[in-house]
$ cat upload-v3.cif   # mmCIF, C-alpha atoms
data_coords
#
loop_
_atom_site.label_atom_id
_atom_site.label_comp_id
_atom_site.auth_asym_id
_atom_site.auth_seq_id
_atom_site.Cartn_x
_atom_site.Cartn_y
_atom_site.Cartn_z
CA MET A 1 -54.43 -13.47 43.61
CA PRO A 2 -53.61 -15.64 40.60
CA LEU A 3 -50.30 -14.82 38.95
CA ASP A 4 -51.86 -14.12 35.59
CA SER A 5 -53.97 -11.35 37.01
CA ASN A 6 -51.12 -9.63 38.88
CA PRO A 7 -51.17 -6.09 37.48
CA VAL A 8 -47.46 -5.52 38.22
CA MET A 9 -46.41 -8.74 36.48
CA ASP A 10 -48.77 -8.12 33.57
CA ASN A 11 -47.39 -4.68 33.11
CA ARG A 12 -43.82 -5.98 33.18
CA ILE A 13 -44.57 -8.56 30.48
CA TYR A 14 -46.42 -6.04 28.37
CA THR A 15 -43.58 -3.51 28.64
CA GLY A 16 -41.02 -6.15 27.64
CA GLN A 17 -43.05 -7.21 24.62
CA LEU A 18 -43.62 -3.65 23.57
CA ALA A 19 -39.90 -2.89 23.79
CA ALA A 20 -39.12 -5.89 21.57
CA VAL A 21 -41.70 -4.85 19.00
CA THR A 22 -40.51 -1.25 19.04
CA SER A 23 -36.90 -2.33 18.62
CA LEU A 24 -37.71 -4.60 15.66
CA THR A 25 -39.83 -1.91 14.04
CA SER A 26 -37.01 0.61 14.37
CA GLN A 27 -34.49 -1.78 12.84
CA VAL A 28 -36.76 -2.57 9.91
CA SER A 29 -37.60 1.05 9.45
CA LEU A 30 -33.92 1.91 9.40
CA TRP A 31 -32.98 -0.56 6.67
CA LEU A 32 -36.02 0.40 4.67
CA GLN A 33 -34.95 4.04 4.78
CA ASP A 34 -31.44 3.08 3.70
CA ALA A 35 -32.74 0.91 0.87
CA GLN A 36 -35.12 3.61 -0.33
CA LYS A 37 -32.25 6.07 -0.38
CA GLU A 38 -30.15 3.63 -2.44
CA LEU A 39 -33.08 3.13 -4.77
CA ARG A 40 -33.42 6.87 -5.34
CA THR A 41 -29.70 7.07 -6.16
CA LEU A 42 -30.02 4.23 -8.68
CA LYS A 43 -33.13 5.77 -10.22
CA ASP A 44 -31.22 8.98 -10.89
CA LEU A 45 -28.38 7.30 -12.75
CA PRO A 46 -27.84 8.68 -16.26
CA ASP A 47 -27.87 6.66 -19.46
CA ASP A 48 -24.74 4.54 -19.87
CA TRP A 49 -24.33 4.30 -16.09
CA ASP A 50 -22.76 0.86 -16.55
CA SER A 51 -20.23 2.00 -19.20
CA TYR A 52 -21.74 -0.71 -21.44
CA GLY A 53 -24.49 1.51 -22.89
CA SER A 54 -27.41 0.67 -20.60
CA SER A 55 -30.44 2.92 -20.45
CA LYS A 56 -31.61 4.40 -17.13
CA ILE A 57 -33.43 2.40 -14.49
CA THR A 58 -37.07 2.53 -15.57
CA ASN A 59 -39.88 4.07 -13.52
CA GLU A 60 -41.71 0.74 -13.62
CA ALA A 61 -38.73 -1.09 -12.14
CA SER A 62 -38.07 1.45 -9.41
CA ARG A 63 -41.76 1.68 -8.43
CA ARG A 64 -42.10 -2.10 -8.26
CA ALA A 65 -38.84 -2.42 -6.30
CA ALA A 66 -39.98 0.25 -3.81
CA GLY A 67 -43.22 -1.67 -3.21
CA LEU A 68 -41.38 -4.95 -2.75
CA LEU A 69 -38.89 -3.43 -0.32
CA HIS A 70 -41.72 -2.11 1.84
CA GLU A 71 -43.53 -5.42 1.80
CA LEU A 72 -40.40 -7.41 2.58
CA ALA A 73 -39.42 -5.07 5.41
CA CYS A 74 -42.84 -5.51 7.00
CA PHE A 75 -42.42 -9.27 6.60
CA GLY A 76 -39.22 -9.11 8.65
CA MET A 77 -36.71 -9.88 5.91
CA PRO A 78 -33.17 -8.64 6.46
CA LYS A 79 -31.95 -5.80 4.29
CA PRO A 80 -31.20 -6.96 0.75
CA ASP A 81 -28.27 -5.88 -1.37
CA LEU A 82 -29.70 -3.73 -4.14
CA PHE A 83 -28.10 -3.77 -7.59
CA PRO A 84 -28.83 -2.10 -10.91
CA VAL A 85 -29.16 -4.39 -13.95
CA SER A 86 -28.12 -3.41 -17.46
CA GLY A 87 -31.19 -2.67 -19.56
CA GLY A 88 -32.98 -0.68 -16.81
CA GLY A 89 -33.91 -3.18 -14.11
CA LEU A 90 -32.95 -3.84 -10.50
CA GLN A 91 -32.04 -6.84 -8.41
CA LEU A 92 -32.47 -7.59 -4.69
CA GLU A 93 -30.18 -10.23 -3.21
CA TRP A 94 -29.91 -12.04 0.12
CA GLN A 95 -27.40 -14.67 1.07
CA ARG A 96 -26.70 -16.87 4.05
CA GLU A 97 -24.33 -19.78 4.55
CA ASN A 98 -26.75 -22.30 3.10
CA ARG A 99 -29.03 -20.46 0.68
CA GLU A 100 -29.40 -17.42 -1.53
CA LEU A 101 -32.36 -15.57 -2.95
CA GLU A 102 -32.34 -13.15 -5.85
CA ILE A 103 -35.40 -11.18 -6.91
CA GLU A 104 -34.98 -9.33 -10.18
CA VAL A 105 -37.32 -6.54 -11.23
CA LEU A 106 -37.26 -6.31 -15.00
CA PRO A 107 -37.38 -2.99 -16.88
CA ASP A 108 -41.13 -3.49 -17.49
CA GLY A 109 -41.80 -4.20 -13.80
CA GLY A 110 -42.01 -7.98 -14.18
CA ILE A 111 -40.37 -10.16 -11.57
CA GLU A 112 -38.01 -13.12 -11.88
CA TYR A 113 -36.34 -15.02 -9.09
CA LEU A 114 -33.44 -17.38 -8.43
CA LYS A 115 -33.10 -19.64 -5.41
CA VAL A 116 -29.74 -21.22 -4.62
CA LEU A 117 -30.50 -24.28 -2.50
CA PRO A 118 -28.34 -25.63 0.32
CA ASP A 119 -26.93 -28.32 -2.04
CA GLY A 120 -25.94 -25.63 -4.58
CA LYS A 121 -28.72 -26.45 -7.04
CA MET A 122 -30.60 -23.51 -8.50
CA GLU A 123 -34.27 -22.88 -9.20
CA GLU A 124 -35.46 -19.91 -11.21
CA GLY A 125 -38.64 -18.63 -12.71
CA LYS A 126 -41.05 -15.78 -13.20
CA ALA A 127 -43.08 -14.55 -10.23
CA ILE A 128 -45.92 -12.23 -9.47
CA ALA A 129 -45.83 -9.83 -6.54
CA ALA A 130 -47.88 -12.22 -4.43
CA ASP A 131 -45.19 -14.91 -4.77
CA VAL A 132 -42.50 -12.77 -3.26
CA LEU A 133 -43.49 -13.40 0.35
CA THR A 134 -43.44 -17.14 -0.31
CA LEU A 135 -39.89 -16.76 -1.61
CA ALA A 136 -39.03 -14.67 1.43
CA GLN A 137 -40.48 -17.32 3.70
CA TRP A 138 -38.31 -19.94 2.00
CA PHE A 139 -35.24 -17.80 2.62
CA ARG A 140 -36.15 -17.21 6.25
CA GLN A 141 -36.41 -20.94 6.92
CA SER A 142 -32.60 -20.93 7.00
CA GLU A 143 -32.77 -18.27 9.72
CA ASN A 144 -34.95 -20.54 11.81
CA SER A 145 -32.72 -23.55 11.28
CA VAL A 146 -29.63 -21.54 12.26
CA MET A 147 -31.40 -20.24 15.36
CA SER A 148 -32.48 -23.71 16.43
CA VAL A 149 -28.95 -25.17 16.29
CA MET B 150 -18.76 -13.06 -39.30
CA PRO B 151 -22.47 -13.86 -39.07
CA GLN B 152 -24.04 -12.96 -35.76
CA GLY B 153 -24.50 -15.91 -33.44
CA THR B 154 -21.64 -17.87 -35.01
CA GLU B 155 -19.11 -19.14 -32.51
CA ASP B 156 -15.72 -17.59 -33.14
CA VAL B 157 -13.38 -20.55 -33.37
CA SER B 158 -10.34 -18.35 -32.94
CA ILE B 159 -11.25 -17.87 -29.30
CA LEU B 160 -9.81 -20.75 -27.33
CA ALA B 161 -11.40 -22.44 -24.33
CA GLU B 162 -8.56 -21.37 -22.09
CA ASP B 163 -8.68 -17.72 -23.18
CA LEU B 164 -9.74 -15.27 -20.49
CA LEU B 165 -12.61 -12.81 -20.52
CA TRP B 166 -12.85 -9.70 -18.36
CA ARG B 167 -15.99 -7.95 -17.17
CA ARG B 168 -15.91 -4.61 -15.34
CA ILE B 169 -17.38 -4.82 -11.84
CA LEU B 170 -18.77 -1.44 -10.91
CA ASP B 171 -18.31 0.14 -7.50
CA ASP B 172 -20.67 2.35 -5.47
CA PRO B 173 -23.22 3.66 -6.09
CA THR B 174 -23.77 1.25 -9.00
CA ARG B 175 -22.27 -1.59 -7.00
CA TRP B 176 -22.01 -4.90 -8.81
CA TRP B 177 -20.11 -6.79 -6.14
CA THR B 178 -21.07 -8.52 -2.96
CA LYS B 179 -19.27 -10.41 -0.23
CA ASN B 180 -19.21 -14.13 0.37
CA PRO B 181 -19.96 -15.27 3.92
CA ASP B 182 -16.16 -15.57 4.41
CA GLY B 183 -15.76 -11.87 3.57
CA THR B 184 -14.17 -12.24 0.14
CA VAL B 185 -15.47 -10.05 -2.68
CA ARG B 186 -17.26 -11.65 -5.62
CA PRO B 187 -19.30 -10.21 -8.47
CA SER B 188 -23.06 -10.11 -8.01
CA SER B 189 -24.93 -12.04 -10.67
CA SER B 190 -26.43 -8.67 -11.63
CA SER B 191 -23.10 -7.88 -13.30
CA PHE B 192 -23.63 -10.78 -15.73
CA LEU B 193 -27.25 -10.02 -16.64
CA GLN B 194 -28.31 -8.26 -19.81
CA ARG B 195 -31.97 -7.41 -20.16
CA LYS B 196 -34.28 -6.19 -22.87
CA GLU B 197 -34.67 -2.44 -22.81
CA LYS B 198 -38.28 -1.50 -22.19
CA ASP B 199 -38.71 1.40 -24.57
CA SER B 200 -36.54 0.34 -27.48
CA GLY B 201 -37.46 -3.31 -27.08
CA LYS B 202 -33.83 -3.88 -27.95
CA LEU B 203 -32.29 -7.06 -26.65
CA GLU B 204 -28.54 -6.71 -26.71
CA ASN B 205 -26.75 -9.33 -28.75
CA GLY B 206 -24.96 -10.39 -25.62
CA LEU B 207 -23.05 -9.42 -22.57
CA SER B 208 -20.04 -7.22 -23.27
CA VAL B 209 -16.69 -8.47 -22.04
CA GLN B 210 -13.09 -8.05 -23.12
CA LEU B 211 -10.81 -10.70 -24.50
CA SER B 212 -7.83 -10.34 -22.20
CA LYS B 213 -5.21 -11.35 -24.75
CA LEU B 214 -6.08 -8.28 -26.82
CA THR B 215 -5.91 -5.72 -24.03
CA THR B 216 -4.26 -4.94 -20.70
CA GLN B 217 -5.64 -4.50 -17.21
CA LYS B 218 -4.74 -0.84 -17.40
CA LYS B 219 -6.70 -0.31 -20.64
CA ALA B 220 -9.62 -2.42 -19.42
CA SER B 221 -9.82 -0.43 -16.19
CA SER B 222 -9.52 2.91 -17.95
CA PHE B 223 -13.24 2.96 -18.89
CA ILE B 224 -14.15 3.43 -15.20
CA GLU B 225 -11.21 3.83 -12.85
CA SER B 226 -13.19 2.80 -9.75
CA ALA B 227 -14.40 -0.47 -11.29
CA GLY B 228 -12.89 -3.84 -10.53
CA LEU B 229 -12.25 -6.56 -13.08
CA ALA B 230 -13.62 -10.08 -12.94
CA GLU B 231 -12.05 -12.83 -14.99
CA ILE B 232 -13.56 -16.03 -16.37
CA GLU B 233 -12.30 -18.66 -18.77
CA VAL B 234 -14.01 -18.90 -22.17
CA LYS B 235 -14.86 -22.53 -21.54
CA LEU B 236 -17.29 -21.60 -18.73
CA PRO B 237 -19.89 -19.73 -20.82
CA ARG B 238 -19.51 -22.39 -23.52
CA GLU B 239 -20.28 -25.10 -20.94
CA LEU B 240 -23.39 -23.10 -20.03
CA ASN B 241 -24.52 -23.20 -23.67
CA LEU B 242 -23.61 -19.57 -24.31
CA ASP B 243 -21.60 -18.42 -27.33
CA VAL B 244 -18.47 -16.30 -27.09
CA ILE B 245 -18.23 -14.02 -30.11
CA TYR B 246 -15.39 -11.66 -30.93
CA ASP B 247 -17.01 -8.29 -31.64
CA PRO B 248 -14.42 -5.50 -31.94
CA ILE B 249 -15.79 -1.97 -31.73
CA GLU B 250 -14.15 1.34 -32.51
CA GLU B 251 -13.28 2.21 -28.92
CA ASP B 252 -12.32 -1.32 -27.88
CA ILE B 253 -10.57 -3.84 -30.11
CA ALA B 254 -10.87 -6.48 -27.35
CA HIS B 255 -14.68 -6.20 -27.19
CA THR B 256 -16.30 -9.63 -27.13
CA LEU B 257 -19.83 -10.83 -26.46
CA ILE B 258 -21.16 -13.64 -24.32
CA SER B 259 -24.35 -14.43 -26.20
CA PRO B 260 -27.32 -16.65 -25.56
CA LYS B 261 -28.69 -18.73 -28.42
CA GLU B 262 -31.11 -17.00 -30.79
CA ASN B 263 -34.28 -15.61 -29.17
CA GLN B 264 -33.03 -16.49 -25.72
CA LYS B 265 -31.56 -14.44 -22.92
CA ILE B 266 -28.92 -15.07 -20.31
CA THR B 267 -30.84 -16.80 -17.53
CA LYS B 268 -30.49 -15.96 -13.88
CA ALA B 269 -28.85 -19.31 -13.16
CA GLN B 270 -26.33 -18.80 -15.98
CA ALA B 271 -25.52 -15.33 -14.65
CA ARG B 272 -25.12 -16.66 -11.10
CA LYS B 273 -22.80 -19.43 -12.29
CA LEU B 274 -20.68 -16.96 -14.27
CA ALA B 275 -20.49 -14.66 -11.24
CA GLY B 276 -19.72 -17.53 -8.90
CA ALA B 277 -16.84 -18.79 -11.02
CA ALA B 278 -15.37 -15.36 -11.74
CA ARG B 279 -12.07 -14.43 -10.17
CA MET B 280 -11.59 -10.83 -9.06
CA ILE B 281 -8.26 -9.77 -10.55
CA VAL B 282 -8.79 -6.09 -9.72
CA LEU B 283 -10.94 -5.17 -6.74
CA PRO B 284 -13.42 -2.30 -6.96
CA LYS B 285 -11.84 0.90 -5.62
CA SER B 286 -13.69 0.90 -2.30
CA GLN B 287 -12.33 -2.57 -1.53
CA ARG B 288 -8.69 -1.91 -2.39
CA GLN B 289 -6.25 -1.73 0.54
#

$ encode --input "upload-v3.cif" --output "structure tokens"
Amino acid sequence: MPLDSNPVMDNRIYTGQLAAVTSLTSQVSLWLQDAQKELRTLKDLPDDWDSYGSSKITNEASRRAAGLLHELACFGMPKPDLFPVSGGGLQLEWQRENRELEIEVLPDGGIEYLKVLPDGKMEEGKAIAADVLTLAQWFRQSENSVMSV
Amino acid sequence: MPQGTEDVSILAEDLLWRRILDDPTRWWTKNPDGTVRPSSSSFLQRKEKDSGKLENGLSVQLSKLTTQKKASSFIESAGLAEIEVKLPRELNLDVIYDPIEEDIAHTLISPKENQKITKAQARKLAGAARMIVLPKSQRQ
């Protein structure tokens, strides 16, 4: 019987793959839950939460951030640090040894980003939701390069 | 003093302090080596959606006109980050003395007219800032 049709072996491979997928899904699900909880806390902050007179985090910003978090979790990004921004927006940040990514959700739901490149140079701009996975992919390239060392 | 005019009485080597909030409104992060630094979010100031109001600048305190104790008294759990005046000036931002009733040391880091503090400017300010008081959760 050819190896690739061995039902015992096939089952073993399938079980191993399934376990890996389940484990990844659980991890992602866990950080997403944590991030959503943090987001709810930030959304409930009162006016002047920053002691500098900022208004509350806007509904537009928190809704957009929630959508981005879900999308980025499904894409396999690590958990971001989530920060409030004076004026009613939010910021998601990731950093590794050789690069950083910031995605800012403005009070009106618009998106801006900043990339800190391995040589320390910075690139910033406006983005639409569809660009966010491209930015995430750029950040994850560092993951691949670290893994391949 | 007209708004947007650089205050010449503030010297390049003067120090500015910005409060760095602690949980749940955390404005700090950790470098890969584990040291605490401000997040760039602590140096951003955005247009408010409903009022359309764009703040004149980012509020800081001129250290020579206050004390760490007074600066920390606004929020006891907050840390304090310190930068030299010359840094925002090098980033093409103005530093304007702007005393207010509750804080004689109040000063603004302001972008040029009709501009805002960019993300790169905020990241550079955060990256150069020195934590002189750690946020409460990070104190020993």

$ closest_residue --input "upload-v3.cif" --among "A:Gly76, A:Gly87, A:Gly110, A:Gly67" --to "chain B" --atoms "all atoms listed in the file"
A:Gly87

$ atom_distance --input "upload-v3.cif" --atom1 "CA of Asp247 (chain B)" --atom2 "CA of Lys218 (chain B)"
20.2 Å

$ resolve_selection --input "upload-v3.cif" --expression "the PyMOL selection byres ((chain B) within 8 of (chain A))" --output "ChimeraX atom specification"
/B:170,173-176,178,181,190-191,193-198,208,223-224,268-269

$ residues_near_point --input "upload-v3.cif" --point "(-9.1, -5.9, -16.8)" --cutoff "12 Å" --atoms "all atoms listed in the file" --output "NGL selection string"
:B and (164-169 or 209-232 or 254-255 or 279-284)

$ atom_distance --input "upload-v3.cif" --atom1 "CA of Ala277 (chain B)" --atom2 "CA of Asp131 (chain A)"
29.3 Å

$ atom_distance --input "upload-v3.cif" --atom1 "CA of Asn205 (chain B)" --atom2 "CA of Gln270 (chain B)"
15.9 Å

$ residues_around --input "upload-v3.cif" --residues "Trp94 (chain A)" --least-positions-apart "6" --cutoff "6 Å" --atoms "all atoms listed in the file" --output "PyMOL selection string"
chain A and resi 80+100-101

$ resolve_selection --input "upload-v3.cif" --expression "the PyMOL selection byres ((chain B and resi 274) around 8)" --output "PDB file with C-alpha atoms, in the coordinates of the input"
ATOM      1  CA  SER B 189     -24.930 -12.040 -10.670  1.00  0.00           C
ATOM      2  CA  PHE B 192     -23.630 -10.780 -15.730  1.00  0.00           C
ATOM      3  CA  ILE B 232     -13.560 -16.030 -16.370  1.00  0.00           C
ATOM      4  CA  LEU B 236     -17.290 -21.600 -18.730  1.00  0.00           C
ATOM      5  CA  PRO B 237     -19.890 -19.730 -20.820  1.00  0.00           C
ATOM      6  CA  GLN B 270     -26.330 -18.800 -15.980  1.00  0.00           C
ATOM      7  CA  ALA B 271     -25.520 -15.330 -14.650  1.00  0.00           C
ATOM      8  CA  ARG B 272     -25.120 -16.660 -11.100  1.00  0.00           C
ATOM      9  CA  LYS B 273     -22.800 -19.430 -12.290  1.00  0.00           C
ATOM     10  CA  ALA B 275     -20.490 -14.660 -11.240  1.00  0.00           C
ATOM     11  CA  GLY B 276     -19.720 -17.530  -8.900  1.00  0.00           C
ATOM     12  CA  ALA B 277     -16.840 -18.790 -11.020  1.00  0.00           C
ATOM     13  CA  ALA B 278     -15.370 -15.360 -11.740  1.00  0.00           C
TER      14      ALA B 278
END
